[in-house]
file my_file_33.csv (CSV, N, CA and C atoms)
chain,number,residue,atom,x,y,z
A,1,PRO,N,20.5,-7.8,-11.3
A,1,PRO,CA,19.3,-8.5,-11.7
A,1,PRO,C,18.1,-7.8,-11.2
A,2,GLY,N,17.0,-7.8,-12.0
A,2,GLY,CA,15.8,-7.2,-11.5
A,2,GLY,C,14.7,-8.3,-11.4
A,3,VAL,N,13.6,-7.9,-10.7
A,3,VAL,CA,12.5,-8.8,-10.5
A,3,VAL,C,11.3,-8.1,-11.1
A,4,GLY,N,10.6,-8.9,-11.9
A,4,GLY,CA,9.4,-8.3,-12.6
A,4,GLY,C,8.2,-8.4,-11.6
A,5,GLY,N,7.3,-7.5,-11.8
A,5,GLY,CA,6.1,-7.5,-11.0
A,5,GLY,C,5.0,-6.5,-11.5
A,6,SER,N,3.9,-6.6,-11.0
A,6,SER,CA,2.8,-5.7,-11.5
A,6,SER,C,2.9,-4.4,-10.7
A,7,THR,N,2.9,-3.3,-11.5
A,7,THR,CA,2.8,-2.0,-10.9
A,7,THR,C,1.5,-1.8,-10.1
A,8,LEU,N,0.4,-2.3,-10.7
A,8,LEU,CA,-0.9,-2.2,-10.0
A,8,LEU,C,-0.9,-2.9,-8.7
A,9,LYS,N,-0.3,-4.1,-8.6
A,9,LYS,CA,-0.2,-4.9,-7.4
A,9,LYS,C,0.6,-4.1,-6.4
A,10,ALA,N,1.7,-3.5,-6.8
A,10,ALA,CA,2.6,-2.8,-5.9
A,10,ALA,C,1.8,-1.6,-5.3
A,11,LEU,N,1.0,-0.9,-6.2
A,11,LEU,CA,0.2,0.2,-5.7
A,11,LEU,C,-0.8,-0.3,-4.7
A,12,ALA,N,-1.5,-1.4,-4.9
A,12,ALA,CA,-2.4,-2.0,-4.0
A,12,ALA,C,-1.8,-2.4,-2.7
A,13,ALA,N,-0.5,-2.8,-2.7
A,13,ALA,CA,0.1,-3.2,-1.5
A,13,ALA,C,0.2,-2.1,-0.5
A,14,ASN,N,0.2,-0.9,-0.9
A,14,ASN,CA,0.2,0.3,0.0
A,14,ASN,C,-1.1,0.3,0.9
A,15,ALA,N,-2.1,-0.4,0.4
A,15,ALA,CA,-3.4,-0.4,1.2
A,15,ALA,C,-3.8,-1.8,1.5
A,16,SER,N,-2.9,-2.7,1.7
A,16,SER,CA,-3.2,-4.1,1.9
A,16,SER,C,-3.9,-4.4,3.2
A,17,TYR,N,-3.9,-3.4,4.1
A,17,TYR,CA,-4.6,-3.6,5.3
A,17,TYR,C,-6.2,-3.4,5.2
A,18,PHE,N,-6.6,-2.9,4.0
A,18,PHE,CA,-8.0,-2.6,3.8
A,18,PHE,C,-8.8,-3.9,3.7
A,19,PRO,N,-9.9,-4.0,4.5
A,19,PRO,CA,-10.6,-5.3,4.5
A,19,PRO,C,-11.6,-5.6,3.4
A,20,GLY,N,-11.4,-5.1,2.3
A,20,GLY,CA,-12.3,-5.3,1.1
A,20,GLY,C,-11.5,-5.5,-0.2
A,21,THR,N,-12.1,-4.9,-1.2
A,21,THR,CA,-11.5,-5.0,-2.5
A,21,THR,C,-10.7,-3.7,-2.8
A,22,ILE,N,-9.4,-3.9,-3.2
A,22,ILE,CA,-8.6,-2.7,-3.6
A,22,ILE,C,-8.5,-2.6,-5.1
A,23,GLY,N,-8.8,-1.5,-5.6
A,23,GLY,CA,-8.8,-1.3,-7.1
A,23,GLY,C,-7.8,-0.2,-7.5
A,24,PRO,N,-6.6,-0.6,-7.8
A,24,PRO,CA,-5.6,0.4,-8.3
A,24,PRO,C,-5.8,0.7,-9.8
A,25,VAL,N,-5.6,2.0,-10.1
A,25,VAL,CA,-5.8,2.5,-11.5
A,25,VAL,C,-4.7,3.4,-11.9
A,26,LEU,N,-4.2,3.2,-13.1
A,26,LEU,CA,-3.1,4.1,-13.6
A,26,LEU,C,-3.5,4.5,-15.0
A,27,GLU,N,-3.1,5.7,-15.4
A,27,GLU,CA,-3.3,6.3,-16.7
A,27,GLU,C,-2.6,5.3,-17.8
A,28,ALA,N,-3.3,5.0,-18.9
A,28,ALA,CA,-2.7,4.2,-19.9
A,28,ALA,C,-2.6,4.9,-21.2
A,29,ARG,N,-3.1,6.1,-21.3
A,29,ARG,CA,-3.1,6.9,-22.6
A,29,ARG,C,-4.2,6.4,-23.5
A,30,ARG,N,-4.3,7.1,-24.6
A,30,ARG,CA,-5.3,6.7,-25.7
A,30,ARG,C,-6.7,6.5,-25.1
A,31,GLY,N,-7.1,7.2,-24.1
A,31,GLY,CA,-8.4,7.1,-23.5
A,31,GLY,C,-8.6,5.9,-22.7
A,32,GLU,N,-7.6,5.2,-22.2
A,32,GLU,CA,-7.7,4.0,-21.4
A,32,GLU,C,-7.0,4.2,-20.1
A,33,VAL,N,-7.3,3.3,-19.1
A,33,VAL,CA,-6.6,3.2,-17.9
A,33,VAL,C,-6.2,1.7,-17.7
A,34,TYR,N,-5.2,1.5,-16.9
A,34,TYR,CA,-4.8,0.2,-16.5
A,34,TYR,C,-5.5,0.0,-15.1
A,35,ALA,N,-6.2,-1.1,-14.9
A,35,ALA,CA,-6.9,-1.4,-13.6
A,35,ALA,C,-6.8,-2.8,-13.3
A,36,ALA,N,-6.9,-3.1,-12.0
A,36,ALA,CA,-6.9,-4.5,-11.5
A,36,ALA,C,-7.7,-4.4,-10.1
A,37,ALA,N,-8.0,-5.5,-9.6
A,37,ALA,CA,-8.6,-5.6,-8.3
A,37,ALA,C,-8.0,-6.7,-7.4
A,38,TYR,N,-7.7,-6.4,-6.2
A,38,TYR,CA,-7.1,-7.3,-5.3
A,38,TYR,C,-7.9,-7.4,-4.0
A,39,ARG,N,-7.8,-8.6,-3.3
A,39,ARG,CA,-8.5,-8.7,-2.0
A,39,ARG,C,-7.5,-8.2,-1.0
A,40,GLY,N,-8.1,-7.3,-0.1
A,40,GLY,CA,-7.2,-6.8,1.0
A,40,GLY,C,-6.7,-7.9,1.9
A,41,GLY,N,-5.5,-7.6,2.4
A,41,GLY,CA,-4.9,-8.6,3.3
A,41,GLY,C,-4.0,-9.5,2.5
A,42,SER,N,-4.6,-10.4,1.7
A,42,SER,CA,-3.8,-11.4,0.9
A,42,SER,C,-3.3,-10.9,-0.4
A,43,LEU,N,-3.8,-9.8,-0.9
A,43,LEU,CA,-3.6,-9.3,-2.3
A,43,LEU,C,-3.8,-10.3,-3.4
A,44,GLU,N,-4.7,-11.2,-3.1
A,44,GLU,CA,-5.1,-12.2,-4.1
A,44,GLU,C,-5.8,-11.4,-5.2
A,45,ALA,N,-5.5,-11.8,-6.5
A,45,ALA,CA,-6.2,-11.1,-7.6
A,45,ALA,C,-7.6,-11.4,-7.7
A,46,VAL,N,-8.5,-10.4,-7.7
A,46,VAL,CA,-9.9,-10.6,-7.9
A,46,VAL,C,-10.2,-10.4,-9.4
A,47,LEU,N,-9.5,-9.4,-10.0
A,47,LEU,CA,-9.5,-9.2,-11.5
A,47,LEU,C,-8.1,-8.9,-11.9
A,48,GLU,N,-7.6,-9.6,-12.9
A,48,GLU,CA,-6.2,-9.4,-13.3
A,48,GLU,C,-6.0,-8.1,-14.0
A,49,ASP,N,-4.8,-7.6,-14.1
A,49,ASP,CA,-4.4,-6.4,-14.7
A,49,ASP,C,-5.0,-6.3,-16.1
A,50,GLN,N,-5.6,-5.2,-16.5
A,50,GLN,CA,-6.2,-5.0,-17.8
A,50,GLN,C,-6.3,-3.5,-18.1
A,51,ALA,N,-6.4,-3.3,-19.4
A,51,ALA,CA,-6.6,-1.9,-19.9
A,51,ALA,C,-8.1,-1.8,-20.2
A,52,ILE,N,-8.7,-0.7,-19.7
A,52,ILE,CA,-10.2,-0.5,-20.0
A,52,ILE,C,-10.4,0.9,-20.4
A,53,PRO,N,-11.4,1.2,-21.2
A,53,PRO,CA,-11.7,2.6,-21.6
A,53,PRO,C,-12.1,3.4,-20.4
A,54,LYS,N,-11.6,4.7,-20.3
A,54,LYS,CA,-11.9,5.5,-19.2
A,54,LYS,C,-13.4,5.7,-18.9
A,55,GLU,N,-14.2,5.7,-20.0
A,55,GLU,CA,-15.6,5.9,-19.9
A,55,GLU,C,-16.3,4.7,-19.2
A,56,LYS,N,-15.6,3.6,-19.2
A,56,LYS,CA,-16.2,2.4,-18.5
A,56,LYS,C,-15.7,2.2,-17.1
A,57,LEU,N,-14.8,3.1,-16.6
A,57,LEU,CA,-14.2,2.9,-15.3
A,57,LEU,C,-15.2,2.9,-14.2
A,58,GLU,N,-16.2,3.8,-14.2
A,58,GLU,CA,-17.1,3.8,-13.2
A,58,GLU,C,-17.9,2.5,-13.1
A,59,SER,N,-18.4,2.0,-14.2
A,59,SER,CA,-19.2,0.8,-14.1
A,59,SER,C,-18.3,-0.4,-13.7
A,60,TRP,N,-17.0,-0.4,-14.1
A,60,TRP,CA,-16.0,-1.4,-13.7
A,60,TRP,C,-15.9,-1.4,-12.2
A,61,ILE,N,-15.7,-0.2,-11.6
A,61,ILE,CA,-15.6,-0.1,-10.2
A,61,ILE,C,-16.9,-0.6,-9.5
A,62,GLU,N,-18.0,-0.3,-10.0
A,62,GLU,CA,-19.3,-0.7,-9.4
A,62,GLU,C,-19.5,-2.2,-9.3
A,63,MET,N,-18.8,-2.9,-10.3
A,63,MET,CA,-19.0,-4.4,-10.3
A,63,MET,C,-18.0,-5.1,-9.3
A,64,LEU,N,-17.1,-4.4,-8.7
A,64,LEU,CA,-16.2,-5.0,-7.7
A,64,LEU,C,-17.0,-5.3,-6.5
A,65,PRO,N,-16.6,-6.4,-5.8
A,65,PRO,CA,-17.3,-6.7,-4.6
A,65,PRO,C,-16.9,-5.7,-3.5
A,66,GLY,N,-17.8,-5.3,-2.7
A,66,GLY,CA,-17.6,-4.2,-1.7
A,66,GLY,C,-17.2,-4.8,-0.3
A,67,PRO,N,-16.7,-4.0,0.6
A,67,PRO,CA,-16.4,-2.6,0.4
A,67,PRO,C,-15.2,-2.4,-0.6
A,68,ARG,N,-15.1,-1.3,-1.2
A,68,ARG,CA,-14.1,-1.0,-2.2
A,68,ARG,C,-13.3,0.2,-1.9
A,69,LEU,N,-12.0,0.1,-2.2
A,69,LEU,CA,-11.1,1.2,-2.1
A,69,LEU,C,-10.4,1.4,-3.4
A,70,GLY,N,-10.6,2.5,-4.0
A,70,GLY,CA,-9.9,2.9,-5.3
A,70,GLY,C,-8.7,3.8,-5.0
A,71,LEU,N,-7.6,3.5,-5.7
A,71,LEU,CA,-6.5,4.4,-5.6
A,71,LEU,C,-5.7,4.4,-6.9
A,72,GLY,N,-5.0,5.5,-7.2
A,72,GLY,CA,-4.2,5.5,-8.4
A,72,GLY,C,-4.0,6.9,-8.9
A,73,LEU,N,-3.4,7.0,-10.1
A,73,LEU,CA,-3.1,8.2,-10.7
A,73,LEU,C,-3.7,8.3,-12.1
A,74,LEU,N,-4.4,9.4,-12.3
A,74,LEU,CA,-5.0,9.6,-13.7
A,74,LEU,C,-4.5,10.9,-14.2
A,75,GLY,N,-4.3,11.0,-15.5
A,75,GLY,CA,-3.7,12.2,-16.1
A,75,GLY,C,-4.6,13.3,-16.4
A,76,SER,N,-5.9,13.2,-16.1
A,76,SER,CA,-6.8,14.3,-16.3
A,76,SER,C,-8.0,14.1,-15.4
A,77,GLY,N,-8.7,15.2,-15.1
A,77,GLY,CA,-9.8,15.1,-14.2
A,77,GLY,C,-9.5,15.6,-12.8
A,78,PRO,N,-10.4,15.4,-11.8
A,78,PRO,CA,-10.2,16.0,-10.5
A,78,PRO,C,-9.0,15.4,-9.7
A,79,LEU,N,-8.6,14.2,-10.1
A,79,LEU,CA,-7.5,13.6,-9.4
A,79,LEU,C,-6.2,13.7,-10.2
A,80,SER,N,-6.1,14.6,-11.2
A,80,SER,CA,-5.0,14.6,-12.1
A,80,SER,C,-3.7,15.1,-11.5
A,81,ILE,N,-2.6,14.5,-11.9
A,81,ILE,CA,-1.3,14.9,-11.5
A,81,ILE,C,-0.5,15.1,-12.8
A,82,PRO,N,0.1,16.3,-13.0
A,82,PRO,CA,0.8,16.6,-14.2
A,82,PRO,C,1.9,15.6,-14.5
A,83,ARG,N,2.1,15.3,-15.8
A,83,ARG,CA,3.3,14.5,-16.2
A,83,ARG,C,4.6,15.3,-16.0
A,84,ALA,N,5.6,14.6,-15.7
A,84,ALA,CA,6.9,15.2,-15.5
A,84,ALA,C,7.3,16.1,-16.7
A,85,SER,N,7.0,15.6,-17.9
A,85,SER,CA,7.4,16.4,-19.1
A,85,SER,C,6.7,17.8,-19.1
A,86,SER,N,5.5,17.9,-18.5
A,86,SER,CA,4.8,19.1,-18.6
A,86,SER,C,5.3,20.1,-17.6
A,87,VAL,N,6.1,19.7,-16.6
A,87,VAL,CA,6.6,20.6,-15.6
A,87,VAL,C,8.1,20.8,-15.8
A,88,GLY,N,8.7,20.4,-17.0
A,88,GLY,CA,10.1,20.7,-17.3
A,88,GLY,C,11.0,19.5,-17.0
A,89,MET,N,10.5,18.4,-16.5
A,89,MET,CA,11.4,17.3,-16.2
A,89,MET,C,11.4,16.3,-17.4
A,90,ARG,N,12.6,15.9,-17.8
A,90,ARG,CA,12.7,15.0,-18.9
A,90,ARG,C,13.6,13.9,-18.6

call {"tool": "encode", "arguments": {"input": "my_file_33.csv", "output": "structure tokens"}}
result
Amino acid sequence: PGVGGSTLKALAANASYFPGTIGPVLEARRGEVYAAAYRGGSLEAVLEDQAIPKEKLESWIEMLPGPRLGLGLLGSGPLSIPRASSVGMR
């Protein structure tokens, strides 16, 4: 049996010690990202999991209560990590 849960919350749990707002972000394709915001320590949801357009990500991050810690994986840009399929893994 498996247990369901939010991938974004699991990502935020890696930084749960942070004393502010944790904003995990994952590539969603079609020009969007999955994002959420959690309070450090308790991992209480500040903003629920949602898909947002990449071009609105910066303004979305700026509206989070500070201090803020962003973390995640994006498929393009300076923080890009190649997809497994692009390096021969299937």

call {"tool": "residues_around", "arguments": {"input": "my_file_33.csv", "residues": "segment 26-43 of chain A", "least_positions_apart": "5", "cutoff": "5 Å", "atoms": "all atoms listed in the file", "output": "ChimeraX atom specification"}}
result
/A:16-18,20-21,48-54,73-75

call {"tool": "atom_distance", "arguments": {"input": "my_file_33.csv", "atom1": "atom C of Gly72 of chain A", "atom2": "atom N of Pro1 of chain A"}}
result
28.7 Å

call {"tool": "atom_distance", "arguments": {"input": "my_file_33.csv", "atom1": "atom C of Glu58 of chain A", "atom2": "atom N of Lys9 of chain A"}}
result
19.3 Å

call {"tool": "atom_distance", "arguments": {"input": "my_file_33.csv", "atom1": "atom CA of Leu64 of chain A", "atom2": "atom C of Gly5 of chain A"}}
result
21.6 Å

call {"tool": "select_by_dssp", "arguments": {"input": "my_file_33.csv", "residues": "chain A", "states": "helix (DSSP H, G or I)", "output": "PyMOL selection string"}}
result
chain A and resi 7-13+54-62+84-87

call {"tool": "select_by_dssp", "arguments": {"input": "my_file_33.csv", "residues": "chain A", "states": "strand (DSSP E)", "output": "PDB file with N, CA and C atoms, keeping the file's coordinate frame"}}
result
ATOM      1  N   THR A  21     -12.100  -4.900  -1.200  1.00  0.00           N
ATOM      2  CA  THR A  21     -11.500  -5.000  -2.500  1.00  0.00           C
ATOM      3  C   THR A  21     -10.700  -3.700  -2.800  1.00  0.00           C
ATOM      4  N   ILE A  22      -9.400  -3.900  -3.200  1.00  0.00           N
ATOM      5  CA  ILE A  22      -8.600  -2.700  -3.600  1.00  0.00           C
ATOM      6  C   ILE A  22      -8.500  -2.600  -5.100  1.00  0.00           C
ATOM      7  N   GLY A  23      -8.800  -1.500  -5.600  1.00  0.00           N
ATOM      8  CA  GLY A  23      -8.800  -1.300  -7.100  1.00  0.00           C
ATOM      9  C   GLY A  23      -7.800  -0.200  -7.500  1.00  0.00           C
ATOM     10  N   PRO A  24      -6.600  -0.600  -7.800  1.00  0.00           N
ATOM     11  CA  PRO A  24      -5.600   0.400  -8.300  1.00  0.00           C
ATOM     12  C   PRO A  24      -5.800   0.700  -9.800  1.00  0.00           C
ATOM     13  N   VAL A  25      -5.600   2.000 -10.100  1.00  0.00           N
ATOM     14  CA  VAL A  25      -5.800   2.500 -11.500  1.00  0.00           C
ATOM     15  C   VAL A  25      -4.700   3.400 -11.900  1.00  0.00           C
ATOM     16  N   LEU A  26      -4.200   3.200 -13.100  1.00  0.00           N
ATOM     17  CA  LEU A  26      -3.100   4.100 -13.600  1.00  0.00           C
ATOM     18  C   LEU A  26      -3.500   4.500 -15.000  1.00  0.00           C
ATOM     19  N   GLU A  27      -3.100   5.700 -15.400  1.00  0.00           N
ATOM     20  CA  GLU A  27      -3.300   6.300 -16.700  1.00  0.00           C
ATOM     21  C   GLU A  27      -2.600   5.300 -17.800  1.00  0.00           C
ATOM     22  N   ALA A  28      -3.300   5.000 -18.900  1.00  0.00           N
ATOM     23  CA  ALA A  28      -2.700   4.200 -19.900  1.00  0.00           C
ATOM     24  C   ALA A  28      -2.600   4.900 -21.200  1.00  0.00           C
ATOM     25  N   ARG A  29      -3.100   6.100 -21.300  1.00  0.00           N
ATOM     26  CA  ARG A  29      -3.100   6.900 -22.600  1.00  0.00           C
ATOM     27  C   ARG A  29      -4.200   6.400 -23.500  1.00  0.00           C
ATOM     28  N   GLU A  32      -7.600   5.200 -22.200  1.00  0.00           N
ATOM     29  CA  GLU A  32      -7.700   4.000 -21.400  1.00  0.00           C
ATOM     30  C   GLU A  32      -7.000   4.200 -20.100  1.00  0.00           C
ATOM     31  N   VAL A  33      -7.300   3.300 -19.100  1.00  0.00           N
ATOM     32  CA  VAL A  33      -6.600   3.200 -17.900  1.00  0.00           C
ATOM     33  C   VAL A  33      -6.200   1.700 -17.700  1.00  0.00           C
ATOM     34  N   TYR A  34      -5.200   1.500 -16.900  1.00  0.00           N
ATOM     35  CA  TYR A  34      -4.800   0.200 -16.500  1.00  0.00           C
ATOM     36  C   TYR A  34      -5.500   0.000 -15.100  1.00  0.00           C
ATOM     37  N   ALA A  35      -6.200  -1.100 -14.900  1.00  0.00           N
ATOM     38  CA  ALA A  35      -6.900  -1.400 -13.600  1.00  0.00           C
ATOM     39  C   ALA A  35      -6.800  -2.800 -13.300  1.00  0.00           C
ATOM     40  N   ALA A  36      -6.900  -3.100 -12.000  1.00  0.00           N
ATOM     41  CA  ALA A  36      -6.900  -4.500 -11.500  1.00  0.00           C
ATOM     42  C   ALA A  36      -7.700  -4.400 -10.100  1.00  0.00           C
ATOM     43  N   ALA A  37      -8.000  -5.500  -9.600  1.00  0.00           N
ATOM     44  CA  ALA A  37      -8.600  -5.600  -8.300  1.00  0.00           C
ATOM     45  C   ALA A  37      -8.000  -6.700  -7.400  1.00  0.00           C
ATOM     46  N   TYR A  38      -7.700  -6.400  -6.200  1.00  0.00           N
ATOM     47  CA  TYR A  38      -7.100  -7.300  -5.300  1.00  0.00           C
ATOM     48  C   TYR A  38      -7.900  -7.400  -4.000  1.00  0.00           C
ATOM     49  N   ARG A  39      -7.800  -8.600  -3.300  1.00  0.00           N
ATOM     50  CA  ARG A  39      -8.500  -8.700  -2.000  1.00  0.00           C
ATOM     51  C   ARG A  39      -7.500  -8.200  -1.000  1.00  0.00           C
ATOM     52  N   ALA A  45      -5.500 -11.800  -6.500  1.00  0.00           N
ATOM     53  CA  ALA A  45      -6.200 -11.100  -7.600  1.00  0.00           C
ATOM     54  C   ALA A  45      -7.600 -11.400  -7.700  1.00  0.00           C
ATOM     55  N   VAL A  46      -8.500 -10.400  -7.700  1.00  0.00           N
ATOM     56  CA  VAL A  46      -9.900 -10.600  -7.900  1.00  0.00           C
ATOM     57  C   VAL A  46     -10.200 -10.400  -9.400  1.00  0.00           C
ATOM     58  N   LEU A  47      -9.500  -9.400 -10.000  1.00  0.00           N
ATOM     59  CA  LEU A  47      -9.500  -9.200 -11.500  1.00  0.00           C
ATOM     60  C   LEU A  47      -8.100  -8.900 -11.900  1.00  0.00           C
ATOM     61  N   GLU A  48      -7.600  -9.600 -12.900  1.00  0.00           N
ATOM     62  CA  GLU A  48      -6.200  -9.400 -13.300  1.00  0.00           C
ATOM     63  C   GLU A  48      -6.000  -8.100 -14.000  1.00  0.00           C
ATOM     64  N   ASP A  49      -4.800  -7.600 -14.100  1.00  0.00           N
ATOM     65  CA  ASP A  49      -4.400  -6.400 -14.700  1.00  0.00           C
ATOM     66  C   ASP A  49      -5.000  -6.300 -16.100  1.00  0.00           C
ATOM     67  N   GLN A  50      -5.600  -5.200 -16.500  1.00  0.00           N
ATOM     68  CA  GLN A  50      -6.200  -5.000 -17.800  1.00  0.00           C
ATOM     69  C   GLN A  50      -6.300  -3.500 -18.100  1.00  0.00           C
ATOM     70  N   ALA A  51      -6.400  -3.300 -19.400  1.00  0.00           N
ATOM     71  CA  ALA A  51      -6.600  -1.900 -19.900  1.00  0.00           C
ATOM     72  C   ALA A  51      -8.100  -1.800 -20.200  1.00  0.00           C
ATOM     73  N   ILE A  52      -8.700  -0.700 -19.700  1.00  0.00           N
ATOM     74  CA  ILE A  52     -10.200  -0.500 -20.000  1.00  0.00           C
ATOM     75  C   ILE A  52     -10.400   0.900 -20.400  1.00  0.00           C
ATOM     76  N   PRO A  53     -11.400   1.200 -21.200  1.00  0.00           N
ATOM     77  CA  PRO A  53     -11.700   2.600 -21.600  1.00  0.00           C
ATOM     78  C   PRO A  53     -12.100   3.400 -20.400  1.00  0.00           C
ATOM     79  N   ARG A  68     -15.100  -1.300  -1.200  1.00  0.00           N
ATOM     80  CA  ARG A  68     -14.100  -1.000  -2.200  1.00  0.00           C
ATOM     81  C   ARG A  68     -13.300   0.200  -1.900  1.00  0.00           C
ATOM     82  N   LEU A  69     -12.000   0.100  -2.200  1.00  0.00           N
ATOM     83  CA  LEU A  69     -11.100   1.200  -2.100  1.00  0.00           C
ATOM     84  C   LEU A  69     -10.400   1.400  -3.400  1.00  0.00           C
ATOM     85  N   GLY A  70     -10.600   2.500  -4.000  1.00  0.00           N
ATOM     86  CA  GLY A  70      -9.900   2.900  -5.300  1.00  0.00           C
ATOM     87  C   GLY A  70      -8.700   3.800  -5.000  1.00  0.00           C
ATOM     88  N   LEU A  71      -7.600   3.500  -5.700  1.00  0.00           N
ATOM     89  CA  LEU A  71      -6.500   4.400  -5.600  1.00  0.00           C
ATOM     90  C   LEU A  71      -5.700   4.400  -6.900  1.00  0.00           C
ATOM     91  N   GLY A  72      -5.000   5.500  -7.200  1.00  0.00           N
ATOM     92  CA  GLY A  72      -4.200   5.500  -8.400  1.00  0.00           C
ATOM     93  C   GLY A  72      -4.000   6.900  -8.900  1.00  0.00           C
ATOM     94  N   LEU A  73      -3.400   7.000 -10.100  1.00  0.00           N
ATOM     95  CA  LEU A  73      -3.100   8.200 -10.700  1.00  0.00           C
ATOM     96  C   LEU A  73      -3.700   8.300 -12.100  1.00  0.00           C
TER      97      LEU A  73
END
